[in-house]
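Report on one structure; see the data block that follows.
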Amino acid sequence: MANSTATTAQSGPPSSVAGNVKPALMQLEEIELSFGGLTALNRVSLDIRSGEILGIIGPNGAGKTSLLNVINGVYRPQKGRILFQGQDRTNYRPHQVAAQGVARTFQNVGLFKGMTTLDNLLAGRKSFIHTNFFLQALYWGPALKTEVAQREKVEQIIDFLEIQAIRNTPVGTLPYGLQKRVELGRALAAEPKLLLLDEPMAGMNLEEKEDMSRFILDANEELGYTIALIEHDMGVVMDICDRIVVLDYGSKIAEGTPDEIRNNPDVIRAYLGTDEN
Amino acid sequence: MIFRENGQYAATYAKDMRIFRLREDRVAVAVLLVVAFVVVPLVANDYWLSSIFTLFLIFSLAALGLNLLTGYCGQLSLGHAAFMAVGAYAAFNFAVRLETPVLFNFIGAGLVTAAAGFVFALPSLRIKGFYLAVTTLSAQFFIEWLFVSFSWFSAGSMMGAIDTPPMRILGWAVETPRDKYLLTLGVVTVLALLAKNLTRGEIGRSWMAIRDLDVAAEIMGVRLFPYKLLAFAVSSFYAGVAGALYAFCYLGSVEVTAFELALSFRLLGMVIIGGLGTIMGSFLGAGFIVLLPIFISITVAAFATRGLTDFLSNLELIVFGGLIIFFLIVEPYGLARLWHTTKEKLRLWPFPY
């Protein structure tokens with residue numbers, strides 16, 4: 001099933017991939033990560049293809065967040081390679097990864113709580129600002145011009161996410177659902193080539209989940225961002241993801257379309273357990 | 001409130017991003033500046049100019065520097081008094097040995113102090129929080145020891161005692177308390193404006209991002225170490241200039257004990273009471289710590305009768321301590337936040353719905 005597609009994508013550079021399979025934006029090859037004696041990721045290989053929404057699922061402790069941390073450069077894998085747009089960037093540091101166009105949200109809201117919504121979103125545009133210290137101290141000329149340009153960009157995202165009313169509110173005082181939305185906004189502000197979402201719907205009610213799903217789909221379809229998301233709500237994952245990767249105990253146990261995953265015996269065993277042994 | 005902000009729409013982002021968006025605020029600040037630059041020097045006597053206004057401004061500047069580091073970038077420092085000392089002695093050495101212009105001395109003092117801050121910031125690569133605070137404590141002890149032990153820094157005099165030489169800026173002899181007040185005010189105004197600009201731009205956002213959540217900051221593209229070093233350097237620059245002003249415009253003759261650990265704690269107290277992460281808070285905090293004891297003692301002295309002086313001097317401390325606790329309970333985020341919430345409430349007053 002999914003193995004065939006996975007091997008095609010790995011066998012060569014993205015341009016050589018034939019047929020209707022989209023080229024891989026990011027390729028993880030045989031990633032191994034362990035903390036002391038504890039193996040967090042065990043020879044995990046997967047592709048994130050341009051323009052898709054990839055779901056990463058698995059029971060608690062399966063290594064999903066560790067995988068995102070490896071992609072972000074927070075953890076360095078002991079073995080394996082990471083290719084981004086065909087180029088090896090295995091040992092990049094987090095800020096280098098960010099400069100390449102990878103943005104991220106966190107499992108338990110990772111906002112800058114003391115800053116306003118506007119400042120949080122502007123912080124997301126860090127990679128686009130290149131003015132020097134003295135111009136910024138004077139807030140003059142190019143520095144002012146860049147600030148205004150970033151503000152314009154950020155206002156578009158504020159409109160997109162419908163958070164105009166909380167523009168100047170410190171995000172620490174916002175309700176949880178809105179914080180999640182602002183965090184998505186901060187990631188979108190980076191105009192990422194690859195957007196990583198770590199449980200974007202955690203702790204939300206049905207309505208908030210629907211809103212968030214809509215924003216994620218819009219980001220994918222209208223803005224054209226490639227998205228990889230971790231989520232526990234199977235309904236959401238099956239609905240919005242193009243492909244799904246399943247992790248269990250640090251290993252990839254399945255990969256494929258939602259329908260394939262739903263009927264995969266390994267996945268069912270990982271989630272429901274089995275009475276065979 | 002006595003004015004309404006209705007009808008003041010910012011038509012461009014540049015206008016929306018001004019420091020004082022409301023016309024009334026701009027007028028208020030202009031009035032404040034006129035009062036500070038013109039009215040105060042004309043009206044106040046030498047005691048008020050020197051012991052109150054100049055002192056207040058100098059400590060505001062030092063607190064502002066510490067606020068950039070602690071309030072904005074989230075790096076605790078217990079060595080800022082020592083950095084002030086570096087500034088004071090650097091300015092002294094520039095003035096005595098090189099006989100360079102006064103303003104150059106002050107800027108040079110800031111730069112030398114920035115370099116010192118840079119060196120003591122190196123541990124911040126690996127450690128943070130209380131542990132970093134302890135390493136900055138080492139700056140405090142080391143620098144005090146340095147100035148006491150090596151008379152080179154004080155041009156030969158023992159125990160680091162120095163007398164500041166007279167100042168002259170382009171023919172303007174800065175001698176009277178009024179001159180010194182104006183010089184201090186000018187320096188503080190310019191540096192406060194620069195600090196505001198830094199903190200509302202990309203650098204300030206990166207600092208605050210590091211303060212609030214360094215992992216997320218890094219993943220959003222902020223390189224932690226350079227920005228922390230920058231925060232230490234800028235903060236030390238402010239401390240250095242404040243130290244130079246303290247020596248030249250207030251103390252006159254300086255000993256190392258003027259910059260002891262207690263002063264570091266007072267600066268930290270100003271920043272916390274005034275409001276971490278606000279420019280205004282630095283001024284309010286300095287006002288609280290520097291001016292309140294003076295006003296309390298004036299008030300107490302008014303009621304003083306003979307024989308009670310011991311009791312009354314203790315009463316001052318009790319009232320001061322009590323007020324610190326009171327204000328921190330009322331508003332843990334500092335006086336600046338208190339001012340902010342008051343303004344928000346007054347916006348809606350008298351119909352708060």
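Simple scheme: letters A, B, ... for chains in structure tokens order, numbers from 1 for residues in each chain, numbers from 1 for ligands in the order shown.
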Fewer than 6 positions away in the same chain doesn't count, so skip those; otherwise give me all residues within 8 Å of range 284-294 of chain B, counting only C-alpha atoms, as JSON, numbers by chain.
{"B": [52, 55, 56, 59, 60, 63, 266, 267, 269, 270, 271, 272, 273, 274, 275, 316, 317, 320, 335, 336]}
For a quick test of understanding: name the residues of chain A lying within 9 Å of chain B when counting only C-alpha atoms, and present them as a PDB file with C-alpha atoms, in the first residue's frame.
ATOM      1  CA  ASN A  72      12.875  22.280  13.686  1.00  0.00           C
ATOM      2  CA  GLY A  73      16.436  21.607  14.725  1.00  0.00           C
ATOM      3  CA  VAL A  74      15.663  21.656  18.454  1.00  0.00           C
ATOM      4  CA  ARG A  93      20.045  25.140  14.103  1.00  0.00           C
ATOM      5  CA  PRO A  94      16.452  26.274  14.831  1.00  0.00           C
ATOM      6  CA  HIS A  95      16.930  29.817  13.534  1.00  0.00           C
ATOM      7  CA  GLN A  96      18.448  28.489  10.311  1.00  0.00           C
ATOM      8  CA  VAL A  97      15.483  26.194   9.859  1.00  0.00           C
ATOM      9  CA  ALA A  98      13.183  29.162  10.436  1.00  0.00           C
ATOM     10  CA  ALA A  99      15.078  31.195   7.835  1.00  0.00           C
ATOM     11  CA  VAL A 102       9.604  26.311   8.391  1.00  0.00           C
ATOM     12  CA  ALA A 103       7.119  27.650  10.943  1.00  0.00           C
ATOM     13  CA  ARG A 104       5.566  25.883  13.846  1.00  0.00           C
ATOM     14  CA  THR A 105       2.910  25.939  16.549  1.00  0.00           C
ATOM     15  CA  PHE A 106       3.192  24.185  19.870  1.00  0.00           C
ATOM     16  CA  GLY A 110       3.820  28.613  22.697  1.00  0.00           C
ATOM     17  CA  LEU A 111       2.910  32.277  22.417  1.00  0.00           C
ATOM     18  CA  PHE A 112       4.844  35.183  23.874  1.00  0.00           C
ATOM     19  CA  LYS A 113       2.355  35.847  26.624  1.00  0.00           C
ATOM     20  CA  GLY A 114       3.472  39.323  27.641  1.00  0.00           C
ATOM     21  CA  MET A 115       3.198  40.673  24.110  1.00  0.00           C
ATOM     22  CA  ASP A 119       3.544  41.963  18.406  1.00  0.00           C
ATOM     23  CA  ASN A 120       3.255  38.183  18.424  1.00  0.00           C
ATOM     24  CA  LEU A 122       5.106  40.659  13.983  1.00  0.00           C
ATOM     25  CA  ALA A 123       7.543  38.406  15.820  1.00  0.00           C
ATOM     26  CA  GLY A 124       6.578  35.755  13.296  1.00  0.00           C
ATOM     27  CA  ARG A 125       8.015  37.972  10.567  1.00  0.00           C
ATOM     28  CA  LYS A 126      11.461  38.017  12.102  1.00  0.00           C
ATOM     29  CA  SER A 127      13.073  36.450   9.043  1.00  0.00           C
ATOM     30  CA  ILE A 129      13.455  42.139   8.805  1.00  0.00           C
ATOM     31  CA  THR A 131      17.693  46.543   9.392  1.00  0.00           C
ATOM     32  CA  PHE A 133      20.665  48.419  15.217  1.00  0.00           C
ATOM     33  CA  PHE A 134      21.192  52.144  14.755  1.00  0.00           C
ATOM     34  CA  GLN A 136      16.073  50.786  14.652  1.00  0.00           C
ATOM     35  CA  ALA A 137      17.183  52.956  17.558  1.00  0.00           C
ATOM     36  CA  LEU A 138      16.207  55.970  15.476  1.00  0.00           C
ATOM     37  CA  TYR A 139      13.104  54.200  14.105  1.00  0.00           C
ATOM     38  CA  ALA A 143      13.664  50.714   9.711  1.00  0.00           C
ATOM     39  CA  LEU A 144      10.339  52.530   9.751  1.00  0.00           C
ATOM     40  CA  LYS A 145       9.610  51.422   6.203  1.00  0.00           C
ATOM     41  CA  GLU A 147       8.069  48.010  10.166  1.00  0.00           C
ATOM     42  CA  VAL A 148       5.184  49.449   8.178  1.00  0.00           C
ATOM     43  CA  ALA A 149       5.572  46.777   5.499  1.00  0.00           C
ATOM     44  CA  ARG A 151       2.468  45.625   9.729  1.00  0.00           C
ATOM     45  CA  GLU A 152       0.620  45.546   6.407  1.00  0.00           C
ATOM     46  CA  ARG A 186       2.167  33.845  14.158  1.00  0.00           C
ATOM     47  CA  ALA A 187       3.200  30.788  12.151  1.00  0.00           C
ATOM     48  CA  ALA A 190       6.321  33.705   8.606  1.00  0.00           C
TER      49      ALA A 190
END
Report as a PDB file with N, CA, C and O atoms, in the first residue's frame all protein, DNA and RNA residues lying within 12 Å of Asp179 in chain B, evaluated on only C-alpha atoms, omitting residues in the same chain fewer than 6 positions from it.
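Heads up, here's the output in part-v9.pdb:
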ATOM      1  N   PHE B  37      12.236  71.331  30.866  1.00  0.00           N
ATOM      2  CA  PHE B  37      13.387  72.054  30.325  1.00  0.00           C
ATOM      3  C   PHE B  37      13.379  73.537  30.685  1.00  0.00           C
ATOM      4  O   PHE B  37      14.429  74.154  30.769  1.00  0.00           O
ATOM      5  N   VAL B  40      11.078  74.176  35.317  1.00  0.00           N
ATOM      6  CA  VAL B  40      11.799  73.678  36.490  1.00  0.00           C
ATOM      7  C   VAL B  40      13.107  74.432  36.733  1.00  0.00           C
ATOM      8  O   VAL B  40      13.355  74.907  37.845  1.00  0.00           O
ATOM      9  N   PRO B  41      13.951  74.625  35.708  1.00  0.00           N
ATOM     10  CA  PRO B  41      15.211  75.357  35.958  1.00  0.00           C
ATOM     11  C   PRO B  41      14.975  76.792  36.428  1.00  0.00           C
ATOM     12  O   PRO B  41      15.784  77.343  37.158  1.00  0.00           O
ATOM     13  N   LEU B  42      13.848  77.391  35.992  1.00  0.00           N
ATOM     14  CA  LEU B  42      13.581  78.767  36.393  1.00  0.00           C
ATOM     15  C   LEU B  42      13.067  78.846  37.823  1.00  0.00           C
ATOM     16  O   LEU B  42      13.386  79.759  38.568  1.00  0.00           O
ATOM     17  N   ASP B  46      18.458  75.430  44.154  1.00  0.00           N
ATOM     18  CA  ASP B  46      19.584  74.517  43.930  1.00  0.00           C
ATOM     19  C   ASP B  46      19.376  73.164  44.590  1.00  0.00           C
ATOM     20  O   ASP B  46      19.700  72.122  44.026  1.00  0.00           O
ATOM     21  N   LEU B  49      16.935  71.156  42.471  1.00  0.00           N
ATOM     22  CA  LEU B  49      17.519  70.777  41.186  1.00  0.00           C
ATOM     23  C   LEU B  49      18.520  69.641  41.358  1.00  0.00           C
ATOM     24  O   LEU B  49      18.488  68.646  40.634  1.00  0.00           O
ATOM     25  N   SER B  50      19.392  69.785  42.328  1.00  0.00           N
ATOM     26  CA  SER B  50      20.476  68.824  42.453  1.00  0.00           C
ATOM     27  C   SER B  50      20.032  67.545  43.165  1.00  0.00           C
ATOM     28  O   SER B  50      20.128  66.448  42.630  1.00  0.00           O
ATOM     29  N   THR B  54      17.849  66.064  39.527  1.00  0.00           N
ATOM     30  CA  THR B  54      18.988  65.442  38.856  1.00  0.00           C
ATOM     31  C   THR B  54      19.147  63.991  39.302  1.00  0.00           C
ATOM     32  O   THR B  54      19.323  63.083  38.481  1.00  0.00           O
ATOM     33  N   PRO B 166      36.098  69.808  36.211  1.00  0.00           N
ATOM     34  CA  PRO B 166      35.002  70.661  35.716  1.00  0.00           C
ATOM     35  C   PRO B 166      34.660  70.336  34.265  1.00  0.00           C
ATOM     36  O   PRO B 166      35.503  69.869  33.503  1.00  0.00           O
ATOM     37  N   MET B 167      33.392  70.567  33.922  1.00  0.00           N
ATOM     38  CA  MET B 167      32.925  70.225  32.573  1.00  0.00           C
ATOM     39  C   MET B 167      32.712  71.489  31.759  1.00  0.00           C
ATOM     40  O   MET B 167      32.294  72.521  32.282  1.00  0.00           O
ATOM     41  N   ARG B 168      32.964  71.384  30.481  1.00  0.00           N
ATOM     42  CA  ARG B 168      32.763  72.511  29.583  1.00  0.00           C
ATOM     43  C   ARG B 168      32.333  71.953  28.227  1.00  0.00           C
ATOM     44  O   ARG B 168      33.038  71.148  27.629  1.00  0.00           O
ATOM     45  N   ILE B 169      31.138  72.326  27.779  1.00  0.00           N
ATOM     46  CA  ILE B 169      30.640  71.844  26.494  1.00  0.00           C
ATOM     47  C   ILE B 169      30.517  73.025  25.553  1.00  0.00           C
ATOM     48  O   ILE B 169      29.651  73.889  25.736  1.00  0.00           O
ATOM     49  N   TRP B 172      30.163  76.235  27.070  1.00  0.00           N
ATOM     50  CA  TRP B 172      29.164  76.289  28.146  1.00  0.00           C
ATOM     51  C   TRP B 172      29.753  75.593  29.379  1.00  0.00           C
ATOM     52  O   TRP B 172      29.918  74.377  29.376  1.00  0.00           O
ATOM     53  N   ALA B 173      30.096  76.372  30.392  1.00  0.00           N
ATOM     54  CA  ALA B 173      30.663  75.774  31.593  1.00  0.00           C
ATOM     55  C   ALA B 173      29.551  75.169  32.429  1.00  0.00           C
ATOM     56  O   ALA B 173      28.646  75.872  32.881  1.00  0.00           O
ATOM     57  N   LEU B 185      19.156  66.149  31.991  1.00  0.00           N
ATOM     58  CA  LEU B 185      17.839  66.040  31.368  1.00  0.00           C
ATOM     59  C   LEU B 185      17.955  65.788  29.870  1.00  0.00           C
ATOM     60  O   LEU B 185      17.262  64.932  29.315  1.00  0.00           O
ATOM     61  N   GLY B 186      18.867  66.517  29.225  1.00  0.00           N
ATOM     62  CA  GLY B 186      19.048  66.334  27.792  1.00  0.00           C
ATOM     63  C   GLY B 186      19.470  64.909  27.459  1.00  0.00           C
ATOM     64  O   GLY B 186      18.880  64.256  26.585  1.00  0.00           O
ATOM     65  N   PHE B 248      29.597  62.881  37.617  1.00  0.00           N
ATOM     66  CA  PHE B 248      29.926  64.240  37.182  1.00  0.00           C
ATOM     67  C   PHE B 248      28.856  65.260  37.567  1.00  0.00           C
ATOM     68  O   PHE B 248      29.180  66.414  37.830  1.00  0.00           O
ATOM     69  N   CYS B 249      27.588  64.852  37.544  1.00  0.00           N
ATOM     70  CA  CYS B 249      26.529  65.841  37.734  1.00  0.00           C
ATOM     71  C   CYS B 249      25.907  65.789  39.120  1.00  0.00           C
ATOM     72  O   CYS B 249      25.146  66.665  39.495  1.00  0.00           O
ATOM     73  N   TYR B 250      26.164  64.732  39.880  1.00  0.00           N
ATOM     74  CA  TYR B 250      25.549  64.682  41.201  1.00  0.00           C
ATOM     75  C   TYR B 250      26.591  64.607  42.312  1.00  0.00           C
ATOM     76  O   TYR B 250      26.652  65.467  43.174  1.00  0.00           O
TER      77      TYR B 250
END
Might you pull out every residue within 10 Å of Ser149 in chain B, with only C-alpha atoms counted and same-chain residues fewer than 3 positions away left off, and present them as a PyMOL selection string?
chain B and resi 143-146+152-153+158-160
Save out the residues we just selected, N, CA and C atoms, as an mmCIF file, in the first residue's frame.
data_model
loop_
_atom_site.group_PDB
_atom_site.id
_atom_site.type_symbol
_atom_site.label_atom_id
_atom_site.label_comp_id
_atom_site.auth_asym_id
_atom_site.auth_seq_id
_atom_site.Cartn_x
_atom_site.Cartn_y
_atom_site.Cartn_z
ATOM 1 N N ILE B 143 34.220 44.025 39.921
ATOM 2 C CA ILE B 143 34.466 45.410 39.499
ATOM 3 C C ILE B 143 34.745 46.304 40.709
ATOM 4 N N GLU B 144 34.010 46.093 41.809
ATOM 5 C CA GLU B 144 34.298 46.850 43.035
ATOM 6 C C GLU B 144 35.742 46.633 43.471
ATOM 7 N N TRP B 145 36.131 45.362 43.483
ATOM 8 C CA TRP B 145 37.490 45.004 43.895
ATOM 9 C C TRP B 145 38.519 45.662 42.981
ATOM 10 N N LEU B 146 38.227 45.648 41.681
ATOM 11 C CA LEU B 146 39.155 46.192 40.697
ATOM 12 C C LEU B 146 39.447 47.662 40.967
ATOM 13 N N TRP B 152 45.340 52.819 39.380
ATOM 14 C CA TRP B 152 45.441 53.343 38.014
ATOM 15 C C TRP B 152 44.099 53.921 37.574
ATOM 16 N N PHE B 153 43.016 53.219 37.947
ATOM 17 C CA PHE B 153 41.684 53.622 37.490
ATOM 18 C C PHE B 153 41.282 54.968 38.077
ATOM 19 N N MET B 158 44.122 56.773 46.386
ATOM 20 C CA MET B 158 43.910 55.514 47.090
ATOM 21 C C MET B 158 42.425 55.166 47.162
ATOM 22 N N MET B 159 42.133 53.889 47.248
ATOM 23 C CA MET B 159 40.786 53.365 47.469
ATOM 24 C C MET B 159 39.780 53.832 46.407
ATOM 25 N N GLY B 160 40.298 54.230 45.274
ATOM 26 C CA GLY B 160 39.395 54.560 44.175
ATOM 27 C C GLY B 160 38.636 55.857 44.344
#
Just checking: using only C-alpha atoms, which residue out of A:Thr146, A:Gln100, A:Gln179, A:Asn108 ends up closest to Met212 in chain A?
A:Gln179
Rounded to one decimal, what separation in Å do you get between CA of Gly243 in chain B and CA of Gly87 in chain B?
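It comes out at 5.1 Å.
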As a PyMOL selection string, please: the residues near Asp259 in chain A (cut-off 12 Å, only C-alpha atoms, same-chain neighbours under 6 positions excluded).
chain A and resi 1-2+234+237-239+241-244+267
Can you pull out the residues contacting range 50-65 of chain A? Cut-off 7 Å, using only C-alpha atoms, and skip same-chain residues under 6 positions away; I want them as a VMD selection string.
chain A and resid 22 to 25 40 to 41 220 224 to 232 237 241 to 250 271
Could you give me the residues within range 14-137 of chain A that DSSP places in helix (DSSP H, G or I), as a ChimeraX atom specification?
/A:14-16,64-72,94-100,117-123,126-128,133-137
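Here the question is which of B:Arg178, B:Leu261, B:Leu98, B:Phe106 gets nearest to Ala139 in chain B using only C-alpha atoms, and that residue is B:Leu261.
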